[in-house]
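A quick write-up on the structure given underneath.
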Amino acid sequence: MSSTGQQDQMPPGNPELGLERIIFFSDAVMAIAITLLAVEIQVPEIPRQLAATELPRQLLSMVPKFTSFVLSFAIIGIYWLAHHRYYRYIVRYDTRLILLNLLFLFFIAILPFVTSVLGTYAYLPLANTAYASTVAALGLTAAALWWYASYSHRLVDERLDPHLIRATSIRALTGPVIFLLSIPFALFSTLLAQIIWDLSPIAIVLLARRAIDRRASPHRTDASTANAEGEHPQSA
């Protein structure tokens with residue numbers, strides 16, 4: 001019944017074509033954002049007679065720019081993978097999903113700017129706070145997109161495993177929570193905040209693995225029960 005109601009709210013036209021347009025547009029925005037990250041890193045202009053001595057020093061001074069580039073590249077890559085994963089399960093769409101997707105892309109598009117600010121003023125709490133806030137907003141928007149699409153199987157396949165939905169929701173919230181928690185640390189230690197950011201992928205992987213293990217255990221229990229009773233577990 002919920003599926004019928006959502007289909008009535010869908011924009012007219014081919015649902016598959018509409019989803020493809022959302023995905024292609026999102027891919028294009030993320031690709032451009034990654035390109036802009038690289039554009040911000042410019043080769044220092046040094047007079048020929050001073051290049052041998054000045055180039056090492058200039059490159060060393062650019063370390064914050066390189067590290068912020070690598071971090072933002074990884075973040076966009078992670079959310080590109082997440083976005084790809086979400087739309088493997090989303091089979092319908094409506095106007096609210098499109099708006100949430102646009103909000104998600106807004107924070108993707110603004111990330112190169114805050115990355116440049118961080119790379120230039122990595123020692124300032126304001127630069128670190130702005131960066132952490134933007135990444136947290138990006139993550140919360142991605143989590144909201146998934147929650148909206150998967151809640152009560154609103155826009156995903158009705159047969160999609162609820163444990164998978166829950167595990168994906170937990171994983172979606174881990175990143176933004178870590179960046180939000182890093183904001184108070186950035187106010188008195190920018191280095192500590194950046195260390196927290198660097199450790200965030202490890203926390204995401206560990207939490208995701210735990211969620212997957214919890215998801216798999218009910219299936220093992222069901223299979224064991226079925227075999228004990230001489231029955232074959234039915235495939236989803």
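Starting from 1 in every chain, residues are counted up; chains themselves are A, B, ... following the order of the structure tokens, and ligands are numbered from 1 as listed.
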
Please report, as JSON lines, each residue of stretch 79-147 of chain A lying at most 10 Å from stretch 167-176 of chain A, together with the nearest pair of atoms and the separation in Å rounded to one decimal; use only C-alpha atoms, and order rows by chain and ascending residue number.
```
{"residue": "A:Tyr79", "atom": "CA", "partner": "A:Ala172", "partner_atom": "CA", "distance": 9.3}
{"residue": "A:Ala82", "atom": "CA", "partner": "A:Ala172", "partner_atom": "CA", "distance": 8.2}
{"residue": "A:Arg85", "atom": "CA", "partner": "A:Thr168", "partner_atom": "CA", "distance": 9.4}
{"residue": "A:Tyr86", "atom": "CA", "partner": "A:Thr168", "partner_atom": "CA", "distance": 8.8}
{"residue": "A:Ala132", "atom": "CA", "partner": "A:Pro176", "partner_atom": "CA", "distance": 8.6}
{"residue": "A:Ser133", "atom": "CA", "partner": "A:Pro176", "partner_atom": "CA", "distance": 8.7}
{"residue": "A:Thr134", "atom": "CA", "partner": "A:Pro176", "partner_atom": "CA", "distance": 9.4}
{"residue": "A:Val135", "atom": "CA", "partner": "A:Pro176", "partner_atom": "CA", "distance": 6.8}
{"residue": "A:Ala136", "atom": "CA", "partner": "A:Pro176", "partner_atom": "CA", "distance": 4.1}
{"residue": "A:Ala137", "atom": "CA", "partner": "A:Pro176", "partner_atom": "CA", "distance": 7.0}
{"residue": "A:Leu138", "atom": "CA", "partner": "A:Pro176", "partner_atom": "CA", "distance": 7.6}
{"residue": "A:Gly139", "atom": "CA", "partner": "A:Pro176", "partner_atom": "CA", "distance": 4.9}
{"residue": "A:Leu140", "atom": "CA", "partner": "A:Pro176", "partner_atom": "CA", "distance": 6.0}
{"residue": "A:Thr141", "atom": "CA", "partner": "A:Pro176", "partner_atom": "CA", "distance": 9.3}
{"residue": "A:Ala142", "atom": "CA", "partner": "A:Ala172", "partner_atom": "CA", "distance": 7.0}
{"residue": "A:Ala143", "atom": "CA", "partner": "A:Ala172", "partner_atom": "CA", "distance": 5.1}
{"residue": "A:Ala144", "atom": "CA", "partner": "A:Ala172", "partner_atom": "CA", "distance": 8.9}
{"residue": "A:Leu145", "atom": "CA", "partner": "A:Ala172", "partner_atom": "CA", "distance": 9.9}
{"residue": "A:Trp146", "atom": "CA", "partner": "A:Ser169", "partner_atom": "CA", "distance": 7.1}
{"residue": "A:Trp147", "atom": "CA", "partner": "A:Ser169", "partner_atom": "CA", "distance": 6.9}
```

Nearby residues (only C-alpha atoms) at most 12 Å from A:Ile195, same-chain spacing under 6 positions excluded, as an MDAnalysis selection string: chainID A and resid 67 71 128 178:179 182 185:186 189 201:202

Selected residue, from A:Ala149, A:Tyr123, A:Thr129, A:Leu155, that lies nearest to A:Leu181 when counting only C-alpha atoms: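 Using only C-alpha atoms, A:Leu181 sits closest to A:Thr129.
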
Long-range neighbours of A:His83 as a VMD selection string, 10 Å cut-off, only C-alpha atoms, 5 positions minimum in chain: chain A and resid 23 26 to 27 77 to 78 88 101 104 142 145 to 146

Please, could you write that set of residues out with C-alpha atoms as a short mmCIF file (atom, residue, chain, number, x, y, z; two decimals), in the first residue's frame?
```
data_model
loop_
_atom_site.label_atom_id
_atom_site.label_comp_id
_atom_site.auth_asym_id
_atom_site.auth_seq_id
_atom_site.Cartn_x
_atom_site.Cartn_y
_atom_site.Cartn_z
CA ILE A 23 22.71 9.39 -10.75
CA SER A 26 25.31 13.48 -9.16
CA ASP A 27 28.33 11.72 -10.67
CA GLY A 77 35.25 9.20 -2.88
CA ILE A 78 33.60 7.65 0.17
CA ARG A 88 21.49 0.27 -6.10
CA ASN A 101 19.90 14.77 -3.44
CA PHE A 104 23.70 16.57 -0.74
CA ALA A 142 23.51 11.67 2.86
CA LEU A 145 18.61 10.82 1.90
CA TRP A 146 19.01 7.14 2.76
#
```
